[in-house]
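S.K.: Provided below: final-v3.txt, containing compact mmCIF, C-alpha atoms.
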```
# COMPACT_ATOMS: atom_id res chain seq x y z
CA MET A 1 -18.05 -114.72 167.01
CA LYS A 2 -14.79 -114.09 165.19
CA THR A 3 -12.53 -116.10 162.91
CA GLN A 4 -9.89 -115.46 160.29
CA VAL A 5 -11.63 -117.09 157.30
CA ALA A 6 -15.37 -117.70 157.10
CA ILE A 7 -16.05 -120.53 154.65
CA ILE A 8 -19.46 -120.91 153.03
CA GLY A 9 -20.14 -124.50 151.99
CA ALA A 10 -18.96 -127.89 153.27
CA GLY A 11 -18.28 -129.47 149.91
CA PRO A 12 -14.83 -130.62 148.80
CA ALA A 13 -13.59 -127.04 148.28
CA GLY A 14 -14.74 -125.66 151.62
CA LEU A 15 -13.65 -128.64 153.71
CA MET A 16 -10.29 -128.96 151.96
CA LEU A 17 -9.62 -125.25 152.41
CA SER A 18 -10.55 -125.38 156.10
CA HIS A 19 -8.24 -128.31 156.74
CA ILE A 20 -5.27 -126.85 154.87
CA LEU A 21 -5.71 -123.56 156.73
CA HIS A 22 -5.83 -125.46 160.02
CA LEU A 23 -2.48 -127.08 159.22
CA GLN A 24 -1.11 -123.56 158.62
CA GLY A 25 -2.42 -122.34 161.96
CA ILE A 26 -5.22 -120.28 160.40
CA ALA A 27 -8.67 -120.42 162.01
CA SER A 28 -11.87 -120.91 160.02
CA ILE A 29 -15.56 -121.60 160.50
CA VAL A 30 -17.47 -123.60 157.87
CA LEU A 31 -21.19 -122.99 157.30
CA GLU A 32 -23.34 -125.59 155.53
CA THR A 33 -27.08 -125.53 154.91
CA ARG A 34 -27.39 -129.30 154.62
CA SER A 35 -26.92 -131.93 157.34
CA ARG A 36 -23.76 -133.95 157.73
CA GLU A 37 -25.69 -137.04 156.67
CA ALA A 38 -26.89 -135.33 153.50
CA ILE A 39 -23.48 -134.15 152.29
CA GLU A 40 -21.92 -137.53 153.02
CA ALA A 41 -24.65 -139.38 151.12
CA THR A 42 -24.79 -137.27 147.94
CA ILE A 43 -23.33 -139.62 145.34
CA ARG A 44 -21.22 -138.00 142.65
CA ALA A 45 -18.40 -139.12 140.41
CA GLY A 46 -14.89 -139.21 141.72
CA VAL A 47 -11.86 -139.55 139.46
CA LEU A 48 -9.01 -137.90 141.34
CA GLU A 49 -6.03 -136.45 139.50
CA GLN A 50 -2.54 -137.32 140.65
CA GLY A 51 -2.16 -133.88 142.21
CA THR A 52 -5.38 -134.30 144.18
CA VAL A 53 -4.27 -137.72 145.43
CA ASP A 54 -0.88 -136.33 146.44
CA LEU A 55 -2.45 -133.38 148.27
CA MET A 56 -4.84 -135.60 150.23
CA THR A 57 -1.94 -137.75 151.32
CA GLU A 58 0.15 -134.69 152.19
CA ILE A 59 -2.52 -133.19 154.47
CA GLY A 60 -3.26 -136.50 156.20
CA VAL A 61 -6.65 -137.44 154.74
CA GLY A 62 -5.57 -140.02 152.18
CA ALA A 63 -5.29 -143.25 154.18
CA ARG A 64 -8.75 -144.65 153.38
CA MET A 65 -8.46 -143.47 149.79
CA GLU A 66 -5.26 -145.50 149.43
CA ARG A 67 -6.93 -148.57 150.94
CA GLU A 68 -10.29 -148.44 149.19
CA GLY A 69 -9.75 -146.38 146.03
CA PHE A 70 -8.94 -147.83 142.63
CA ARG A 71 -5.67 -146.64 141.08
CA HIS A 72 -6.16 -146.51 137.32
CA GLU A 73 -3.07 -146.37 135.17
CA GLY A 74 -4.92 -145.91 131.92
CA THR A 75 -8.26 -145.55 130.21
CA ILE A 76 -9.87 -147.21 127.21
CA LEU A 77 -11.30 -145.36 124.24
CA ARG A 78 -13.76 -147.61 122.39
CA PHE A 79 -14.85 -146.74 118.87
CA ASP A 80 -15.71 -148.56 115.67
CA GLY A 81 -15.95 -151.77 117.71
CA ILE A 82 -12.32 -151.72 118.90
CA ASP A 83 -10.47 -150.69 122.06
CA ARG A 84 -7.43 -148.44 122.27
CA ARG A 85 -5.76 -147.91 125.63
CA ILE A 86 -4.08 -144.73 126.86
CA ASP A 87 -1.23 -145.66 129.24
CA PHE A 88 -0.99 -142.86 131.80
CA PRO A 89 2.28 -143.68 133.63
CA GLU A 90 4.14 -144.44 130.42
CA LEU A 91 3.08 -141.14 128.86
CA THR A 92 3.28 -138.87 131.91
CA GLY A 93 6.33 -140.03 133.83
CA GLY A 94 4.51 -142.33 136.23
CA LYS A 95 1.31 -140.41 136.99
CA ALA A 96 -2.12 -142.05 137.30
CA VAL A 97 -5.62 -141.31 138.64
CA MET A 98 -7.62 -142.67 141.56
CA VAL A 99 -11.27 -143.67 141.30
CA TYR A 100 -12.66 -142.62 144.68
CA ALA A 101 -16.13 -141.12 144.94
CA GLN A 102 -16.62 -137.49 145.95
CA HIS A 103 -18.83 -138.32 148.93
CA GLU A 104 -16.03 -140.51 150.28
CA VAL A 105 -13.63 -137.57 150.01
CA ILE A 106 -16.16 -135.48 151.94
CA LYS A 107 -16.45 -138.14 154.66
CA ASP A 108 -12.68 -138.17 155.10
CA LEU A 109 -12.47 -134.37 155.25
CA VAL A 110 -15.37 -134.01 157.72
CA GLU A 111 -13.83 -136.63 159.99
CA ALA A 112 -10.43 -134.94 159.85
CA ARG A 113 -11.85 -131.49 160.57
CA LEU A 114 -13.95 -132.62 163.52
CA ALA A 115 -11.13 -134.75 164.93
CA SER A 116 -8.85 -131.69 164.95
CA GLY A 117 -11.44 -129.45 166.59
CA GLY A 118 -12.69 -127.86 163.40
CA ASP A 119 -15.83 -125.72 163.54
CA ILE A 120 -18.41 -126.91 160.99
CA ARG A 121 -21.95 -125.58 161.42
CA PHE A 122 -24.42 -127.91 159.67
CA GLU A 123 -28.06 -127.16 158.83
CA VAL A 124 -27.74 -123.39 159.03
CA SER A 125 -30.13 -121.11 157.13
CA ASP A 126 -30.58 -117.50 155.96
CA VAL A 127 -26.87 -117.09 155.22
CA SER A 128 -25.95 -113.59 154.05
CA LEU A 129 -22.63 -111.82 153.40
CA HIS A 130 -21.90 -108.23 154.42
CA GLY A 131 -19.11 -105.67 154.21
CA LEU A 132 -17.23 -107.51 151.49
CA GLU A 133 -15.44 -104.35 150.39
CA SER A 134 -14.23 -103.64 153.91
CA THR A 135 -11.33 -105.21 155.80
CA SER A 136 -13.82 -106.77 158.24
CA PRO A 137 -16.50 -108.66 156.29
CA SER A 138 -19.18 -110.54 158.20
CA VAL A 139 -21.52 -113.46 157.65
CA ARG A 140 -24.96 -113.73 159.22
CA PHE A 141 -26.85 -117.00 159.55
CA ARG A 142 -29.41 -118.84 161.64
CA GLN A 143 -28.51 -121.85 163.74
CA PRO A 144 -30.75 -124.95 163.39
CA GLY A 145 -32.76 -123.71 166.37
CA GLY A 146 -33.43 -120.35 164.72
CA GLU A 147 -30.93 -118.22 166.64
CA LEU A 148 -29.37 -115.46 164.52
CA GLN A 149 -25.57 -115.43 164.60
CA THR A 150 -22.87 -113.23 163.07
CA ILE A 151 -19.31 -114.21 162.17
CA GLU A 152 -16.76 -111.43 161.87
CA ALA A 153 -13.83 -112.47 159.69
CA ASP A 154 -10.84 -111.20 157.78
CA PHE A 155 -11.91 -113.02 154.61
CA VAL A 156 -14.85 -114.98 153.22
CA ALA A 157 -14.40 -118.02 150.97
CA GLY A 158 -17.44 -118.81 148.83
CA CYS A 159 -17.39 -122.59 148.32
CA ASP A 160 -21.15 -123.11 148.18
CA GLY A 161 -21.66 -124.27 144.61
CA THR A 162 -23.85 -123.06 141.78
CA GLN A 163 -26.93 -122.43 143.92
CA GLY A 164 -25.21 -120.83 146.89
CA VAL A 165 -25.35 -117.26 148.17
CA SER A 166 -21.71 -116.31 147.61
CA ARG A 167 -21.67 -115.48 143.90
CA PRO A 168 -25.04 -113.62 144.00
CA SER A 169 -23.63 -111.49 146.86
CA ILE A 170 -21.28 -109.79 144.40
CA PRO A 171 -22.87 -106.61 142.93
CA GLN A 172 -24.27 -106.78 139.41
CA GLY A 173 -21.86 -105.71 136.71
CA VAL A 174 -18.75 -106.95 138.50
CA LEU A 175 -18.76 -110.51 137.17
CA LYS A 176 -18.85 -111.79 133.62
CA GLY A 177 -20.15 -115.28 132.97
CA PHE A 178 -19.11 -117.59 130.14
CA GLU A 179 -21.43 -120.50 129.44
CA ARG A 180 -21.87 -123.36 126.99
CA LEU A 181 -24.98 -125.55 127.21
CA TYR A 182 -24.69 -128.99 125.60
CA PRO A 183 -27.68 -130.45 123.74
CA PHE A 184 -27.62 -133.72 125.69
CA GLY A 185 -27.42 -135.10 129.21
CA TRP A 186 -26.16 -138.20 130.97
CA LEU A 187 -28.30 -140.98 132.39
CA GLY A 188 -26.24 -142.39 135.26
CA ILE A 189 -26.86 -145.69 136.98
CA LEU A 190 -25.45 -147.61 139.93
CA CYS A 191 -25.85 -151.38 139.79
CA LYS A 192 -24.94 -154.32 141.98
CA ALA A 193 -22.33 -156.10 139.87
CA PRO A 194 -18.56 -156.60 139.84
CA PRO A 195 -16.54 -154.33 137.52
CA SER A 196 -16.99 -154.96 133.82
CA SER A 197 -13.56 -153.48 133.17
CA ASP A 198 -10.39 -152.82 135.16
CA GLU A 199 -10.32 -149.29 133.74
CA LEU A 200 -12.84 -146.70 132.58
CA ILE A 201 -14.23 -147.22 129.09
CA TYR A 202 -15.22 -144.15 127.06
CA ALA A 203 -17.28 -145.36 124.11
CA LEU A 204 -18.47 -143.60 120.97
CA SER A 205 -21.15 -145.30 118.88
CA ASP A 206 -23.60 -144.21 116.22
CA ARG A 207 -26.24 -144.38 118.99
CA GLY A 208 -24.37 -141.97 121.27
CA PHE A 209 -21.90 -142.00 124.13
CA ALA A 210 -21.51 -144.54 126.95
CA LEU A 211 -19.13 -144.74 129.91
CA VAL A 212 -18.22 -147.73 132.07
CA SER A 213 -16.83 -146.95 135.52
CA THR A 214 -16.80 -148.54 138.95
CA ARG A 215 -17.45 -147.63 142.57
CA SER A 216 -16.42 -150.74 144.51
CA PRO A 217 -15.80 -154.46 143.95
CA GLU A 218 -19.57 -154.94 144.14
CA VAL A 219 -20.93 -151.74 142.53
CA GLN A 220 -20.62 -150.39 138.99
CA ARG A 221 -21.26 -146.87 137.75
CA MET A 222 -22.35 -146.46 134.11
CA TYR A 223 -23.58 -143.59 131.97
CA LEU A 224 -25.54 -143.18 128.76
CA GLN A 225 -25.94 -140.07 126.63
CA CYS A 226 -29.59 -139.02 126.63
CA GLU A 227 -31.81 -136.01 126.05
CA PRO A 228 -31.13 -133.26 128.61
CA THR A 229 -34.80 -133.16 129.59
CA ASP A 230 -35.25 -136.94 129.65
CA LYS A 231 -37.13 -138.52 132.54
CA ILE A 232 -36.08 -141.51 134.62
CA GLU A 233 -39.49 -143.02 133.97
CA ASN A 234 -38.59 -143.36 130.29
CA TRP A 235 -35.72 -145.70 131.11
CA SER A 236 -36.68 -149.16 132.29
CA ASP A 237 -33.90 -151.47 133.43
CA ASP A 238 -34.34 -153.56 130.26
CA ARG A 239 -34.01 -150.49 128.05
CA ILE A 240 -30.87 -149.33 129.89
CA TRP A 241 -29.09 -152.67 129.56
CA SER A 242 -30.16 -153.02 125.93
CA GLU A 243 -28.76 -149.58 125.12
CA LEU A 244 -25.54 -150.19 127.03
CA ARG A 245 -24.98 -153.46 125.18
CA ALA A 246 -25.57 -151.76 121.84
CA ARG A 247 -23.32 -148.75 122.50
CA LEU A 248 -20.53 -150.79 124.09
CA ALA A 249 -20.52 -153.59 121.52
CA THR A 250 -17.13 -154.71 120.22
CA ARG A 251 -16.08 -156.90 117.34
CA ASP A 252 -15.14 -159.69 119.76
CA GLY A 253 -18.55 -159.73 121.47
CA TRP A 254 -17.71 -157.96 124.75
CA ALA A 255 -20.69 -157.16 126.96
CA PRO A 256 -21.05 -155.41 130.33
CA ILE A 257 -21.70 -157.42 133.48
CA GLU A 258 -25.31 -156.76 134.42
CA GLY A 259 -26.86 -156.50 137.84
CA GLU A 260 -29.65 -154.94 139.85
CA ILE A 261 -29.91 -151.20 139.15
CA PHE A 262 -30.53 -149.34 142.42
CA SER A 263 -29.96 -145.73 141.37
CA LYS A 264 -30.84 -143.72 138.26
CA THR A 265 -30.20 -140.03 137.66
CA VAL A 266 -30.28 -137.68 134.67
CA VAL A 267 -27.85 -134.75 134.71
CA GLY A 268 -27.52 -131.91 132.23
CA MET A 269 -24.23 -130.95 130.62
CA ARG A 270 -22.81 -127.45 130.65
CA SER A 271 -19.63 -125.44 130.91
CA PHE A 272 -19.58 -122.26 132.98
CA VAL A 273 -16.91 -119.87 134.22
CA THR A 274 -17.28 -116.60 136.08
CA GLU A 275 -14.62 -113.91 136.00
CA PRO A 276 -13.19 -112.64 138.25
CA MET A 277 -13.38 -115.12 141.11
CA GLN A 278 -13.01 -112.49 143.80
CA TYR A 279 -14.60 -109.29 145.01
CA GLY A 280 -13.20 -107.33 147.91
CA ARG A 281 -12.58 -109.83 150.70
CA LEU A 282 -14.74 -112.56 149.08
CA PHE A 283 -13.03 -115.34 147.12
CA LEU A 284 -14.97 -117.93 145.09
CA ALA A 285 -13.77 -121.51 144.71
CA GLY A 286 -15.09 -124.70 143.12
CA ASP A 287 -18.57 -124.84 141.59
CA ALA A 288 -19.37 -121.37 142.89
CA ALA A 289 -17.04 -120.11 140.15
CA HIS A 290 -17.06 -122.76 137.44
CA VAL A 291 -18.77 -125.91 136.17
CA VAL A 292 -17.44 -128.45 133.67
CA PRO A 293 -19.18 -131.33 131.89
CA PRO A 294 -18.25 -134.62 133.59
CA THR A 295 -16.60 -136.11 130.50
CA GLY A 296 -13.13 -134.90 131.46
CA ALA A 297 -13.47 -135.76 135.19
CA LYS A 298 -12.36 -132.27 136.23
CA GLY A 299 -15.03 -130.88 138.59
CA LEU A 300 -13.71 -131.94 142.00
CA ASN A 301 -10.10 -131.58 140.84
CA LEU A 302 -10.62 -127.97 139.80
CA ALA A 303 -12.10 -127.23 143.22
CA VAL A 304 -8.99 -128.69 144.85
CA ALA A 305 -6.75 -126.68 142.53
CA ASP A 306 -8.59 -123.46 143.44
CA VAL A 307 -8.20 -124.21 147.14
CA ARG A 308 -4.51 -124.95 146.76
CA VAL A 309 -3.96 -121.51 145.23
CA LEU A 310 -6.21 -119.74 147.73
CA ALA A 311 -4.75 -121.46 150.79
CA ARG A 312 -1.26 -120.46 149.75
CA ALA A 313 -2.38 -116.85 149.32
CA PHE A 314 -4.00 -116.80 152.78
CA ALA A 315 -0.92 -118.40 154.34
CA GLU A 316 1.39 -115.76 152.85
CA PHE A 317 -0.92 -112.99 154.02
CA TYR A 318 -0.91 -114.19 157.62
CA LYS A 319 2.79 -115.05 157.55
CA SER A 320 4.20 -111.85 156.05
CA GLY A 321 1.33 -109.51 155.27
CA ARG A 322 1.70 -110.09 151.52
CA GLU A 323 -1.47 -109.34 149.59
CA ASP A 324 -0.17 -109.84 146.04
CA LEU A 325 -1.06 -113.55 145.96
CA LEU A 326 -4.60 -112.74 147.06
CA GLU A 327 -4.86 -109.99 144.45
CA CYS A 328 -3.86 -112.35 141.62
CA TYR A 329 -5.89 -115.35 142.88
CA SER A 330 -8.40 -115.13 140.02
CA ASP A 331 -5.77 -114.81 137.29
CA THR A 332 -3.77 -117.73 138.69
CA ALA A 333 -6.74 -120.05 139.16
CA LEU A 334 -8.39 -119.15 135.84
CA ARG A 335 -5.35 -120.23 133.82
CA ARG A 336 -5.88 -123.82 134.94
CA ILE A 337 -9.66 -123.57 134.85
CA TRP A 338 -9.74 -122.59 131.18
CA LYS A 339 -7.34 -125.38 130.26
CA ALA A 340 -9.64 -127.84 132.02
CA GLN A 341 -12.65 -126.33 130.26
CA ARG A 342 -10.91 -126.80 126.92
CA PHE A 343 -10.10 -130.42 127.70
CA SER A 344 -13.63 -131.18 128.94
CA TRP A 345 -15.17 -129.51 125.86
CA TRP A 346 -12.83 -131.46 123.57
CA MET A 347 -13.56 -134.83 125.20
CA THR A 348 -17.28 -134.10 125.13
CA SER A 349 -17.24 -133.04 121.48
CA MET A 350 -15.19 -136.03 120.42
CA LEU A 351 -17.30 -138.67 122.16
CA HIS A 352 -20.94 -137.56 121.87
CA ARG A 353 -23.46 -137.76 119.08
CA PHE A 354 -24.79 -134.24 118.49
CA PRO A 355 -28.40 -133.63 117.41
CA GLY A 356 -28.55 -133.26 113.63
CA ALA A 357 -25.07 -134.72 113.14
CA ASP A 358 -24.69 -136.66 109.93
CA ASP A 359 -22.49 -139.62 109.01
CA PHE A 360 -19.72 -137.26 107.91
CA GLN A 361 -19.35 -135.85 111.41
CA HIS A 362 -19.44 -139.34 112.92
CA LYS A 363 -16.64 -140.44 110.58
CA VAL A 364 -14.62 -137.38 111.57
CA GLN A 365 -15.02 -138.34 115.24
CA ILE A 366 -13.82 -141.88 114.46
CA ALA A 367 -10.84 -140.43 112.60
CA GLU A 368 -9.98 -138.14 115.52
CA LEU A 369 -10.14 -141.01 118.00
CA ASP A 370 -7.97 -143.09 115.68
CA TYR A 371 -5.44 -140.26 115.51
CA VAL A 372 -5.49 -139.56 119.26
CA THR A 373 -4.88 -143.21 120.11
CA GLY A 374 -2.40 -143.82 117.26
CA SER A 375 -0.16 -140.79 117.76
CA ARG A 376 2.16 -140.73 120.78
CA ALA A 377 2.05 -136.93 120.81
CA ALA A 378 -1.76 -136.87 120.81
CA SER A 379 -2.01 -139.68 123.37
CA THR A 380 0.41 -137.82 125.62
CA ALA A 381 -1.69 -134.65 125.39
CA LEU A 382 -4.79 -136.58 126.49
CA ALA A 383 -2.94 -138.39 129.27
CA GLU A 384 -1.32 -135.20 130.62
CA ASN A 385 -4.67 -133.46 130.84
CA TYR A 386 -6.48 -136.46 132.30
CA VAL A 387 -4.02 -137.12 135.15
CA GLY A 388 -3.87 -133.38 135.81
CA LEU A 389 -1.81 -130.49 134.55
CA PRO A 390 0.75 -128.93 136.91
CA PHE A 391 -0.55 -126.43 139.41
CA ASP A 392 -0.05 -122.92 138.07
CA GLU A 393 2.23 -120.48 139.79
CA PRO A 394 0.97 -116.98 140.57
CA VAL A 395 0.79 -114.67 137.56
CA ASP A 396 3.56 -112.07 137.51
```
Written as C-alpha cells, how would this file's structure read?
M.R.:
Amino acid sequence: MKTQVAIIGAGPAGLMLSHILHLQGIASIVLETRSREAIEATIRAGVLEQGTVDLMTEIGVGARMEREGFRHEGTILRFDGIDRRIDFPELTGGKAVMVYAQHEVIKDLVEARLASGGDIRFEVSDVSLHGLESTSPSVRFRQPGGELQTIEADFVAGCDGTQGVSRPSIPQGVLKGFERLYPFGWLGILCKAPPSSDELIYALSDRGFALVSTRSPEVQRMYLQCEPTDKIENWSDDRIWSELRARLATRDGWAPIEGEIFSKTVVGMRSFVTEPMQYGRLFLAGDAAHVVPPTGAKGLNLAVADVRVLARAFAEFYKSGREDLLECYSDTALRRIWKAQRFSWWMTSMLHRFPGADDFQHKVQIAELDYVTGSRAASTALAENYVGLPFDEPVD
C-alpha cells in the first residue's frame, strides 16, 4: 500500500498530524500497537495552552472541549500558608488555559479521523522502518491477524513516544540526548469529589510539593511529591489525605474536599531532549523526541507545537516542492522545546523539596515564590510561559 506520510503512533501528536494533513489534502496512514479502547482509556494530565485550544477549534475538533473543558484564567501558588494568584488574561492580553484530559483529546481526534475516512490501523505489531535515507521510505508491520504488510511513503513521522521504534531506527551516533533525572516522583490520585478549588493550586511546603487539579464536576485529580521508586502499596487512602491536608494547609484553615480514591499512580520525573529530531525522511514529534516533567504542563502542548511546525513543512513541500521548511524542522521545533524545558525545570526546582535540602534552600524557595507573585514582571513571565509562548517561525 502507498501513502504520502506514514505516521507511527496514535497519540496526540500522530492523530493531530494526520488530521491537519487531511485538511491540507495530504494522505496519511496511522499505525498504533495498542487498541482504540486502550489509547482512549489511558488517563493522563491535560492542561491545554491557548495555542493548543485555538488549533483544536481551527481544525474542527474543539466542540466537546469547549462544552466540557474547564477554562482557567489563573493559577494559585501556595506557600508559607498563603495563596497568591497569577491572573493569566490580565498579564497576557486575554490568554488562558483549558483543563481537558489528554485521553479526551485523543477521543476527539480518533472520532474526527474516522469520520473523515482516515486510515488508523490499531493493534499492529512488529513495526519496522526502512529506507529512511531514500526518497521512498517504507514501514513494515503485522496486522492483528498476523498478515505482514508494507507501506510505501514519501515521509515517515515518528510519533510513538519514548518506547516506540522510531527513534531507535536512527543509526547510532546521529542523535545526541540531553537528560535530567529528578530525585523524586509524583503520586497521582483520582477521587470522587467536587473540585476543591476553581483553579489549580501549586503548593510548596516543608514536607514537599502538592498539586490540586480537577477532571470533572465529580472527579478531582491531585498529586503529591514522593520517592521516585515509591510503591502504591505504601500509600493508604488515610495516609494520602493526611499528607495532602498537611502540605496544603493555609493560615485560614483551608482543606481539600475528600472523597473515594479510585486511582493511584506513581510517575517518575525527568527531562529529555534528542537532537536532531529528523533523519533522512523520518521526522520525530512529541514524546519520541522529548519529555518534560509535568510541573509546567507542557508535554501534550509541545507535541502539538511540533506537529504544527511539521504539518506546515509537509504542506509547503506538496504545494510548491519546497524542502527548506523540512530541512529546518528540528531547529525550529527545538527553539520552543528548550524554552519549555527551561520553564518546566524552573517550576519543578521552585516547588519541590530536594533530598538533602536544608532550611536555607527552603527559605530561598519561599523568597522566590514571594518575588514571582509580587513582581508584575516576574508574574508576567510565568503567565506567558504557562499559557504558551508564541509558535516559532522557521529558522533563517
S.K.: Show which residues sit within 8 Å of Lys2 (chain A), as a ChimeraX atom specification. Count only C-alpha atoms, and ignore same-chain residues fewer than 5 positions away.
M.R.: /A:151-153
S.K.: What separation in Å, quoted to one decimal, exists between CA of Val61 (chain A) and CA of Arg308 (chain A)?
M.R.: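 If I compute the distance from CA of Val61 (chain A) to CA of Arg308 (chain A), I get 15.0 Å.
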S.K.: Write out as a list in words which residues come within 8 Å of His290 (chain A) when counting all atoms listed in the file, dropping same-chain ones fewer than 4 positions away.
M.R.: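 Everything that qualifies: Ser271, Phe272, Val273, Thr274, Gly286 and Ile337 of chain A.
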S.K.: Using all atoms listed in the file for the distances, tell me which of A:Glu104, A:Glu258, A:Glu73, A:Glu275 is nearest to Thr42 (chain A).
M.R.: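 The answer is A:Glu104, which sits nearest to Thr42 (chain A).
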S.K.: Find the residue from A:Pro171, A:Gly11, A:Asp230, A:Ile26 that sits nearest to Arg312 (chain A); use all atoms listed in the file when measuring.
M.R.: A:Ile26
S.K.: Using only C-alpha atoms, list the residues that have an atom at most 12 Å from (-20.4, -127.1, 137.1), coordinates as in the file, as a ChimeraX atom specification.
M.R.: /A:160-163,178-181,267-274,285-295,297-303,337,340-341,344
S.K.: Any chance you could export the current selection's C-alpha atoms as an mmCIF file, in the coordinates of the input?
M.R.:
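Done, and the output landed in result39.cif:
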```cif
data_model
loop_
_atom_site.group_PDB
_atom_site.id
_atom_site.type_symbol
_atom_site.label_atom_id
_atom_site.label_comp_id
_atom_site.auth_asym_id
_atom_site.auth_seq_id
_atom_site.Cartn_x
_atom_site.Cartn_y
_atom_site.Cartn_z
ATOM 1 C CA ASP A 160 -21.150 -123.110 148.180
ATOM 2 C CA GLY A 161 -21.660 -124.270 144.610
ATOM 3 C CA THR A 162 -23.850 -123.060 141.780
ATOM 4 C CA GLN A 163 -26.930 -122.430 143.920
ATOM 5 C CA PHE A 178 -19.110 -117.590 130.140
ATOM 6 C CA GLU A 179 -21.430 -120.500 129.440
ATOM 7 C CA ARG A 180 -21.870 -123.360 126.990
ATOM 8 C CA LEU A 181 -24.980 -125.550 127.210
ATOM 9 C CA VAL A 267 -27.850 -134.750 134.710
ATOM 10 C CA GLY A 268 -27.520 -131.910 132.230
ATOM 11 C CA MET A 269 -24.230 -130.950 130.620
ATOM 12 C CA ARG A 270 -22.810 -127.450 130.650
ATOM 13 C CA SER A 271 -19.630 -125.440 130.910
ATOM 14 C CA PHE A 272 -19.580 -122.260 132.980
ATOM 15 C CA VAL A 273 -16.910 -119.870 134.220
ATOM 16 C CA THR A 274 -17.280 -116.600 136.080
ATOM 17 C CA ALA A 285 -13.770 -121.510 144.710
ATOM 18 C CA GLY A 286 -15.090 -124.700 143.120
ATOM 19 C CA ASP A 287 -18.570 -124.840 141.590
ATOM 20 C CA ALA A 288 -19.370 -121.370 142.890
ATOM 21 C CA ALA A 289 -17.040 -120.110 140.150
ATOM 22 C CA HIS A 290 -17.060 -122.760 137.440
ATOM 23 C CA VAL A 291 -18.770 -125.910 136.170
ATOM 24 C CA VAL A 292 -17.440 -128.450 133.670
ATOM 25 C CA PRO A 293 -19.180 -131.330 131.890
ATOM 26 C CA PRO A 294 -18.250 -134.620 133.590
ATOM 27 C CA THR A 295 -16.600 -136.110 130.500
ATOM 28 C CA ALA A 297 -13.470 -135.760 135.190
ATOM 29 C CA LYS A 298 -12.360 -132.270 136.230
ATOM 30 C CA GLY A 299 -15.030 -130.880 138.590
ATOM 31 C CA LEU A 300 -13.710 -131.940 142.000
ATOM 32 C CA ASN A 301 -10.100 -131.580 140.840
ATOM 33 C CA LEU A 302 -10.620 -127.970 139.800
ATOM 34 C CA ALA A 303 -12.100 -127.230 143.220
ATOM 35 C CA ILE A 337 -9.660 -123.570 134.850
ATOM 36 C CA ALA A 340 -9.640 -127.840 132.020
ATOM 37 C CA GLN A 341 -12.650 -126.330 130.260
ATOM 38 C CA SER A 344 -13.630 -131.180 128.940
#
```
S.K.: Using only C-alpha atoms, determine which residues lie at most 8 Å from Pro217 (chain A), disregarding the query and same-chain residues fewer than 6 positions distant; provide the list as number ranges by chain.
M.R.: A: 193-195
S.K.: Would you please work out which residue, of A:Tyr329, A:Tyr182, A:Trp241, A:Phe79, is nearest to Ile201 (chain A) when using only C-alpha atoms?
M.R.: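 Among the listed residues, the smallest separation from Ile201 (chain A) belongs to A:Phe79.
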S.K.: My list of candidates is A:Leu310, A:Gly177, A:Gly51, A:Ala203. Which is closest to Asp324 (chain A) when distances are computed with all atoms listed in the file?
M.R.: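 Checking each candidate against Asp324 (chain A), we get A:Leu310 as the closest.
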S.K.: What separation in Å, quoted to one decimal, exists between CA of Ala383 (chain A) and CA of Arg85 (chain A)?
M.R.: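 Calculated distance between CA of Ala383 (chain A) and CA of Arg85 (chain A) is 10.6 Å.
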S.K.: With a distance cut-off of 12 Å and only C-alpha atoms, select the neighbouring residues of Lys363 (chain A), excluding the residue or stretch itself and same-chain residues fewer than 5 positions from it, and output the selection as a JSON list (two decimals) with C-alpha atoms, in the frame of the given file.
M.R.:
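The resulting file, result07.json, is shown below:
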```
[["chain", "number", "residue", "atom", "x", "y", "z"],
["A", 79, "PHE", "CA", -14.85, -146.74, 118.87],
["A", 80, "ASP", "CA", -15.71, -148.56, 115.67],
["A", 204, "LEU", "CA", -18.47, -143.60, 120.97],
["A", 205, "SER", "CA", -21.15, -145.30, 118.88],
["A", 206, "ASP", "CA", -23.60, -144.21, 116.22],
["A", 350, "MET", "CA", -15.19, -136.03, 120.42],
["A", 351, "LEU", "CA", -17.30, -138.67, 122.16],
["A", 353, "ARG", "CA", -23.46, -137.76, 119.08],
["A", 357, "ALA", "CA", -25.07, -134.72, 113.14],
["A", 358, "ASP", "CA", -24.69, -136.66, 109.93],
["A", 368, "GLU", "CA", -9.98, -138.14, 115.52],
["A", 369, "LEU", "CA", -10.14, -141.01, 118.00],
["A", 370, "ASP", "CA", -7.97, -143.09, 115.68]]
```
S.K.: Residues within 10 Å of Met65 (chain A), please, as an MDAnalysis selection string. Count only C-alpha atoms; anything in the same chain fewer than 2 positions from it doesn't count.
M.R.: chainID A and resid 53 56:57 61:63 67:71 98:101 104:105 108
S.K.: Kindly provide, as a ChimeraX atom specification, the polymer residues lying within 9 Å of (-13.1, -107.2, 143.7), counting only C-alpha atoms and using the coordinates exactly as they appear in the file.
M.R.: /A:132-133,170,174,276-283,327
S.K.: Using only C-alpha atoms, pick whichever of A:Pro89, A:His130, A:Ile261, A:Val212 has the shortest atom-to-atom distance to Arg239 (chain A).
M.R.: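 Checking each candidate against Arg239 (chain A), we get A:Ile261 as the closest.
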S.K.: Would you please work out which residue, of A:Val372, A:Leu129, A:Leu17, A:Leu224, is nearest to Arg167 (chain A) when using only C-alpha atoms?
M.R.: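 Comparing A:Val372, A:Leu129, A:Leu17, A:Leu224 against Arg167 (chain A), the winner is A:Leu129.
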S.K.: For region 252-267 of chain A, write C-alpha atoms out as an mmCIF file, in the first residue's frame.
M.R.:
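Final file, out-v1.cif:
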```cif
data_model
loop_
_atom_site.group_PDB
_atom_site.id
_atom_site.type_symbol
_atom_site.label_atom_id
_atom_site.label_comp_id
_atom_site.auth_asym_id
_atom_site.auth_seq_id
_atom_site.Cartn_x
_atom_site.Cartn_y
_atom_site.Cartn_z
ATOM 1 C CA ASP A 252 -7.132 30.270 57.421
ATOM 2 C CA GLY A 253 -7.666 26.508 57.776
ATOM 3 C CA TRP A 254 -8.395 25.552 54.153
ATOM 4 C CA ALA A 255 -8.641 21.819 53.491
ATOM 5 C CA PRO A 256 -9.247 19.762 50.343
ATOM 6 C CA ILE A 257 -12.620 18.133 49.729
ATOM 7 C CA GLU A 258 -12.110 14.427 50.273
ATOM 8 C CA GLY A 259 -13.740 11.525 48.505
ATOM 9 C CA GLU A 260 -13.298 7.925 47.435
ATOM 10 C CA ILE A 261 -9.910 7.399 45.770
ATOM 11 C CA PHE A 262 -10.327 5.138 42.731
ATOM 12 C CA SER A 263 -6.958 5.522 41.014
ATOM 13 C CA LYS A 264 -3.378 5.769 42.269
ATOM 14 C CA THR A 265 -0.225 6.013 40.173
ATOM 15 C CA VAL A 266 3.430 6.861 40.788
ATOM 16 C CA VAL A 267 5.328 8.527 37.944
#
```
